[in-house]
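**Student:** Quick one: structure below, then a few questions.
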Amino acid sequence: MKTIIILILSLGLVESCTKEDIENNAFSVLDGKWLLESASCFCYFEDDLDFSKHTVTFDGNSKKLTITNPESTFFISKSDEYNYTVNGNLITIEGVDGYFYEFKNGKLLLIRDDDPQIADDELTLTYTKN
């Protein structure tokens with residue numbers, strides 16, 4: 001009998017989580033300023049590139065993403081403020097490619113939603129929270 005009651009209560013809790021709750025959680029875990037630690041891609045950049053000058057700042061309240069880069073090099077897009085949405089683990093940035101996000105060992109990984117028709121467009125960016 002206890003098992004049935006616990007099962008019913010558990011189902012009620014699961015059902016009470018809405019899509020909006022899940023999206024709000026995604027916005028909150030991304031919130032803040034992130035410093036680029038490394039980039040893995042089929043692209044060229046100088047060996048001595050200072051990745052820490054590349055930052056992304058997520059503001060979940062306004063759903064704005066601020067990208068800051070040196071003028072000479074950028075990975076996601078040029079320095080500016082962009083609207084973004086989150087659907088599951090896909091971040092869609094207005095006017096820019098989409099990026100899947102995941103957390104690994106306390107770091108944020110942004111993985112470009114690559115086009116299977118293009119062989120060399122893979123990009124993984126690793127960020128640490130500032």
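In the structure tokens, chains take the letters A, B, ... in the order shown, each chain's residues start at 1, and ligands count up from 1 in the order shown.
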Taking only residues of region 37-76 of chain A that have an atom at most 10 Å from an atom of region 92-104 of chain A, what is each one's shortest atom pair and its distance in Å to one decimal, using only C-alpha atoms, in chain and number order, as a Markdown table?

**Tutor:**
| residue | atom | partner | partner_atom | distance |
| --- | --- | --- | --- | --- |
| A:Lys63 | CA | A:Ile93 | CA | 10.0 |
| A:Lys64 | CA | A:Ile93 | CA | 9.1 |
| A:Leu65 | CA | A:Ile93 | CA | 8.0 |
| A:Ile76 | CA | A:Val96 | CA | 7.4 |

**Student:** Skip Asn130 (chain A) itself and residues of its chain fewer than 3 positions away, then list as a JSON list (two decimals) with N, CA and C atoms, in the first residue's frame all residues within 7 Å of it, counting only C-alpha atoms.

**Tutor:**
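out18.json was written with the following content:
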[["chain", "number", "residue", "atom", "x", "y", "z"],
["A", 33, "LYS", "N", 28.83, 34.89, -16.72],
["A", 33, "LYS", "CA", 29.92, 35.11, -17.68],
["A", 33, "LYS", "C", 30.80, 33.87, -17.72],
["A", 34, "TRP", "N", 31.12, 33.43, -18.94],
["A", 34, "TRP", "CA", 31.94, 32.25, -19.17],
["A", 34, "TRP", "C", 33.16, 32.63, -20.01],
["A", 35, "LEU", "N", 34.34, 32.19, -19.58],
["A", 35, "LEU", "CA", 35.59, 32.45, -20.29],
["A", 35, "LEU", "C", 35.96, 31.25, -21.14]]

**Student:** With only C-alpha atoms as the counted atoms, please give the residues lying no more than 12 Å from Glu71 (chain A), apart from itself and same-chain residues fewer than 6 positions off, as a PyMOL selection string.

**Tutor:** chain A and resi 53-54+77-80

**Student:** Give me a file of those residues, with C-alpha atoms, as an mmCIF file, in the first residue's frame.

**Tutor:**
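Contents of selection_12.cif, as written:
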data_model
loop_
_atom_site.group_PDB
_atom_site.id
_atom_site.type_symbol
_atom_site.label_atom_id
_atom_site.label_comp_id
_atom_site.auth_asym_id
_atom_site.auth_seq_id
_atom_site.Cartn_x
_atom_site.Cartn_y
_atom_site.Cartn_z
ATOM 1 C CA LYS A 53 39.607 37.293 -24.180
ATOM 2 C CA HIS A 54 36.681 35.371 -25.677
ATOM 3 C CA SER A 77 30.147 35.434 -33.803
ATOM 4 C CA LYS A 78 31.443 38.982 -33.610
ATOM 5 C CA SER A 79 31.208 40.891 -30.346
ATOM 6 C CA ASP A 80 27.613 41.969 -29.805
#

**Student:** Set the distance at 12 Å and use only C-alpha atoms: which residues neighbour Ser62 (chain A) once local chain neighbours fewer than 6 positions away are removed? I'd like the list as a PyMOL selection string.

**Tutor:** chain A and resi 24+27-28+31+81-85

**Student:** Include all heavy atoms and write out the residues we just selected as a PDB file, in the first residue's frame.

**Tutor:**
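Output (again12.pdb):
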ATOM      1  N   ASN A  24      13.282  27.399 -17.777  1.00  0.00           N
ATOM      2  CA  ASN A  24      13.812  28.346 -16.791  1.00  0.00           C
ATOM      3  C   ASN A  24      15.052  27.791 -16.114  1.00  0.00           C
ATOM      4  O   ASN A  24      15.999  28.527 -15.841  1.00  0.00           O
ATOM      5  CB  ASN A  24      12.745  28.709 -15.756  1.00  0.00           C
ATOM      6  CG  ASN A  24      11.690  29.622 -16.333  1.00  0.00           C
ATOM      7  OD1 ASN A  24      11.919  30.301 -17.328  1.00  0.00           O
ATOM      8  ND2 ASN A  24      10.532  29.634 -15.714  1.00  0.00           N
ATOM      9  N   PHE A  27      17.950  28.233 -18.500  1.00  0.00           N
ATOM     10  CA  PHE A  27      18.430  29.615 -18.507  1.00  0.00           C
ATOM     11  C   PHE A  27      19.247  29.906 -17.257  1.00  0.00           C
ATOM     12  O   PHE A  27      20.267  30.570 -17.312  1.00  0.00           O
ATOM     13  CB  PHE A  27      17.263  30.608 -18.623  1.00  0.00           C
ATOM     14  CG  PHE A  27      16.694  30.701 -20.013  1.00  0.00           C
ATOM     15  CD1 PHE A  27      15.414  30.247 -20.275  1.00  0.00           C
ATOM     16  CD2 PHE A  27      17.425  31.248 -21.052  1.00  0.00           C
ATOM     17  CE1 PHE A  27      14.883  30.336 -21.549  1.00  0.00           C
ATOM     18  CE2 PHE A  27      16.902  31.346 -22.331  1.00  0.00           C
ATOM     19  CZ  PHE A  27      15.626  30.883 -22.581  1.00  0.00           C
ATOM     20  N   SER A  28      18.816  29.386 -16.101  1.00  0.00           N
ATOM     21  CA  SER A  28      19.523  29.696 -14.856  1.00  0.00           C
ATOM     22  C   SER A  28      20.883  28.998 -14.773  1.00  0.00           C
ATOM     23  O   SER A  28      21.833  29.575 -14.253  1.00  0.00           O
ATOM     24  CB  SER A  28      18.662  29.372 -13.637  1.00  0.00           C
ATOM     25  OG  SER A  28      18.467  27.987 -13.511  1.00  0.00           O
ATOM     26  N   ASP A  31      23.276  31.020 -16.903  1.00  0.00           N
ATOM     27  CA  ASP A  31      23.447  32.416 -16.485  1.00  0.00           C
ATOM     28  C   ASP A  31      24.863  32.730 -16.034  1.00  0.00           C
ATOM     29  O   ASP A  31      25.495  31.944 -15.333  1.00  0.00           O
ATOM     30  CB  ASP A  31      22.505  32.729 -15.325  1.00  0.00           C
ATOM     31  CG  ASP A  31      21.398  33.686 -15.724  1.00  0.00           C
ATOM     32  OD1 ASP A  31      21.310  34.047 -16.913  1.00  0.00           O
ATOM     33  OD2 ASP A  31      20.608  34.059 -14.843  1.00  0.00           O
ATOM     34  N   GLU A  81      25.468  41.806 -28.732  1.00  0.00           N
ATOM     35  CA  GLU A  81      24.437  41.212 -27.888  1.00  0.00           C
ATOM     36  C   GLU A  81      23.410  40.543 -28.806  1.00  0.00           C
ATOM     37  O   GLU A  81      22.999  41.125 -29.809  1.00  0.00           O
ATOM     38  CB  GLU A  81      23.769  42.305 -27.046  1.00  0.00           C
ATOM     39  CG  GLU A  81      22.780  41.763 -26.051  1.00  0.00           C
ATOM     40  CD  GLU A  81      22.216  42.867 -25.171  1.00  0.00           C
ATOM     41  OE1 GLU A  81      21.229  43.496 -25.598  1.00  0.00           O
ATOM     42  OE2 GLU A  81      22.769  43.090 -24.087  1.00  0.00           O
ATOM     43  N   TYR A  82      23.010  39.321 -28.455  1.00  0.00           N
ATOM     44  CA  TYR A  82      22.114  38.520 -29.286  1.00  0.00           C
ATOM     45  C   TYR A  82      20.967  37.974 -28.422  1.00  0.00           C
ATOM     46  O   TYR A  82      21.159  37.665 -27.251  1.00  0.00           O
ATOM     47  CB  TYR A  82      22.862  37.322 -29.889  1.00  0.00           C
ATOM     48  CG  TYR A  82      24.037  37.711 -30.748  1.00  0.00           C
ATOM     49  CD1 TYR A  82      25.293  37.933 -30.188  1.00  0.00           C
ATOM     50  CD2 TYR A  82      23.898  37.851 -32.121  1.00  0.00           C
ATOM     51  CE1 TYR A  82      26.376  38.289 -30.975  1.00  0.00           C
ATOM     52  CE2 TYR A  82      24.974  38.205 -32.917  1.00  0.00           C
ATOM     53  CZ  TYR A  82      26.214  38.425 -32.340  1.00  0.00           C
ATOM     54  OH  TYR A  82      27.284  38.772 -33.129  1.00  0.00           O
ATOM     55  N   ASN A  83      19.792  37.825 -29.029  1.00  0.00           N
ATOM     56  CA  ASN A  83      18.701  37.101 -28.386  1.00  0.00           C
ATOM     57  C   ASN A  83      18.990  35.618 -28.523  1.00  0.00           C
ATOM     58  O   ASN A  83      19.571  35.184 -29.522  1.00  0.00           O
ATOM     59  CB  ASN A  83      17.364  37.415 -29.063  1.00  0.00           C
ATOM     60  CG  ASN A  83      16.952  38.854 -28.875  1.00  0.00           C
ATOM     61  OD1 ASN A  83      17.081  39.405 -27.787  1.00  0.00           O
ATOM     62  ND2 ASN A  83      16.471  39.467 -29.929  1.00  0.00           N
ATOM     63  N   TYR A  84      18.590  34.841 -27.521  1.00  0.00           N
ATOM     64  CA  TYR A  84      18.769  33.404 -27.622  1.00  0.00           C
ATOM     65  C   TYR A  84      17.587  32.683 -26.977  1.00  0.00           C
ATOM     66  O   TYR A  84      16.873  33.236 -26.148  1.00  0.00           O
ATOM     67  CB  TYR A  84      20.097  32.952 -26.998  1.00  0.00           C
ATOM     68  CG  TYR A  84      20.134  32.928 -25.489  1.00  0.00           C
ATOM     69  CD1 TYR A  84      19.955  31.736 -24.788  1.00  0.00           C
ATOM     70  CD2 TYR A  84      20.327  34.083 -24.747  1.00  0.00           C
ATOM     71  CE1 TYR A  84      19.993  31.705 -23.399  1.00  0.00           C
ATOM     72  CE2 TYR A  84      20.367  34.063 -23.364  1.00  0.00           C
ATOM     73  CZ  TYR A  84      20.201  32.870 -22.702  1.00  0.00           C
ATOM     74  OH  TYR A  84      20.223  32.837 -21.326  1.00  0.00           O
ATOM     75  N   THR A  85      17.385  31.451 -27.412  1.00  0.00           N
ATOM     76  CA  THR A  85      16.371  30.582 -26.833  1.00  0.00           C
ATOM     77  C   THR A  85      17.025  29.253 -26.490  1.00  0.00           C
ATOM     78  O   THR A  85      18.092  28.924 -27.020  1.00  0.00           O
ATOM     79  CB  THR A  85      15.196  30.334 -27.803  1.00  0.00           C
ATOM     80  OG1 THR A  85      15.709  29.747 -29.007  1.00  0.00           O
ATOM     81  CG2 THR A  85      14.462  31.622 -28.139  1.00  0.00           C
TER      82      THR A  85
END

**Student:** Mind the document's chain letters and residue numbers, and return as a list in words the residues of region 20-123 of chain A that DSSP labels alpha helix (DSSP H).

**Tutor:**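 Answer for region 20-123 of chain A, restricted to alpha helix (DSSP H): Glu20, Asp21, Ile22, Glu23, Asn24, Asn25, Ala26, Phe27, Ser28, Val29 and Leu30 of chain A.
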
**Student:** Dump N, CA and C atoms for the selected residues as a PDB file, in the first residue's frame?

**Tutor:**
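Contents of out-v4.pdb, freshly written:
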ATOM      1  N   GLU A  20       7.984  25.014 -19.138  1.00  0.00           N
ATOM      2  CA  GLU A  20       8.501  26.312 -18.717  1.00  0.00           C
ATOM      3  C   GLU A  20       9.491  26.159 -17.564  1.00  0.00           C
ATOM      4  N   ASP A  21       9.198  25.273 -16.614  1.00  0.00           N
ATOM      5  CA  ASP A  21      10.122  25.026 -15.503  1.00  0.00           C
ATOM      6  C   ASP A  21      11.456  24.517 -16.021  1.00  0.00           C
ATOM      7  N   ILE A  22      11.406  23.601 -16.973  1.00  0.00           N
ATOM      8  CA  ILE A  22      12.626  23.027 -17.543  1.00  0.00           C
ATOM      9  C   ILE A  22      13.418  24.107 -18.270  1.00  0.00           C
ATOM     10  N   GLU A  23      12.739  24.951 -19.073  1.00  0.00           N
ATOM     11  CA  GLU A  23      13.422  26.021 -19.797  1.00  0.00           C
ATOM     12  C   GLU A  23      14.030  27.027 -18.824  1.00  0.00           C
ATOM     13  N   ASN A  24      13.282  27.399 -17.777  1.00  0.00           N
ATOM     14  CA  ASN A  24      13.812  28.346 -16.791  1.00  0.00           C
ATOM     15  C   ASN A  24      15.052  27.791 -16.114  1.00  0.00           C
ATOM     16  N   ASN A  25      15.067  26.481 -15.845  1.00  0.00           N
ATOM     17  CA  ASN A  25      16.241  25.859 -15.246  1.00  0.00           C
ATOM     18  C   ASN A  25      17.430  25.954 -16.200  1.00  0.00           C
ATOM     19  N   ALA A  26      17.195  25.723 -17.494  1.00  0.00           N
ATOM     20  CA  ALA A  26      18.271  25.816 -18.483  1.00  0.00           C
ATOM     21  C   ALA A  26      18.834  27.231 -18.515  1.00  0.00           C
ATOM     22  N   PHE A  27      17.950  28.233 -18.500  1.00  0.00           N
ATOM     23  CA  PHE A  27      18.430  29.615 -18.507  1.00  0.00           C
ATOM     24  C   PHE A  27      19.247  29.906 -17.257  1.00  0.00           C
ATOM     25  N   SER A  28      18.816  29.386 -16.101  1.00  0.00           N
ATOM     26  CA  SER A  28      19.523  29.696 -14.856  1.00  0.00           C
ATOM     27  C   SER A  28      20.883  28.998 -14.773  1.00  0.00           C
ATOM     28  N   VAL A  29      21.022  27.787 -15.274  1.00  0.00           N
ATOM     29  CA  VAL A  29      22.326  27.107 -15.200  1.00  0.00           C
ATOM     30  C   VAL A  29      23.335  27.727 -16.169  1.00  0.00           C
ATOM     31  N   LEU A  30      22.847  28.344 -17.228  1.00  0.00           N
ATOM     32  CA  LEU A  30      23.742  29.001 -18.179  1.00  0.00           C
ATOM     33  C   LEU A  30      24.108  30.413 -17.740  1.00  0.00           C
TER      34      LEU A  30
END

**Student:** Would you pick out the contacts of Cys41 (chain A) at 7 Å or less, using only C-alpha atoms, so that residues sharing its chain but fewer than 6 positions from it are not included, and give the list as a ChimeraX atom specification?

**Tutor:** /A:122-124

**Student:** Record the distance separating CA of Tyr127 (chain A) and CA of Asn87 (chain A), expressed in Å with one decimal.

**Tutor:**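 Interatomic distance, CA of Tyr127 (chain A) to CA of Asn87 (chain A): 20.2 Å.
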
**Student:** At what distance in Å, to one decimal, does CA of Asn89 (chain A) lie from CA of Pro70 (chain A)?

**Tutor:** 27.6 Å

**Student:** Between A:Cys43, A:Leu36, A:Leu49, A:Leu109, single out the one closest to Ile67 (chain A), counting only C-alpha atoms.

**Tutor:**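 That would be A:Leu36, the residue with the smallest distance to Ile67 (chain A).
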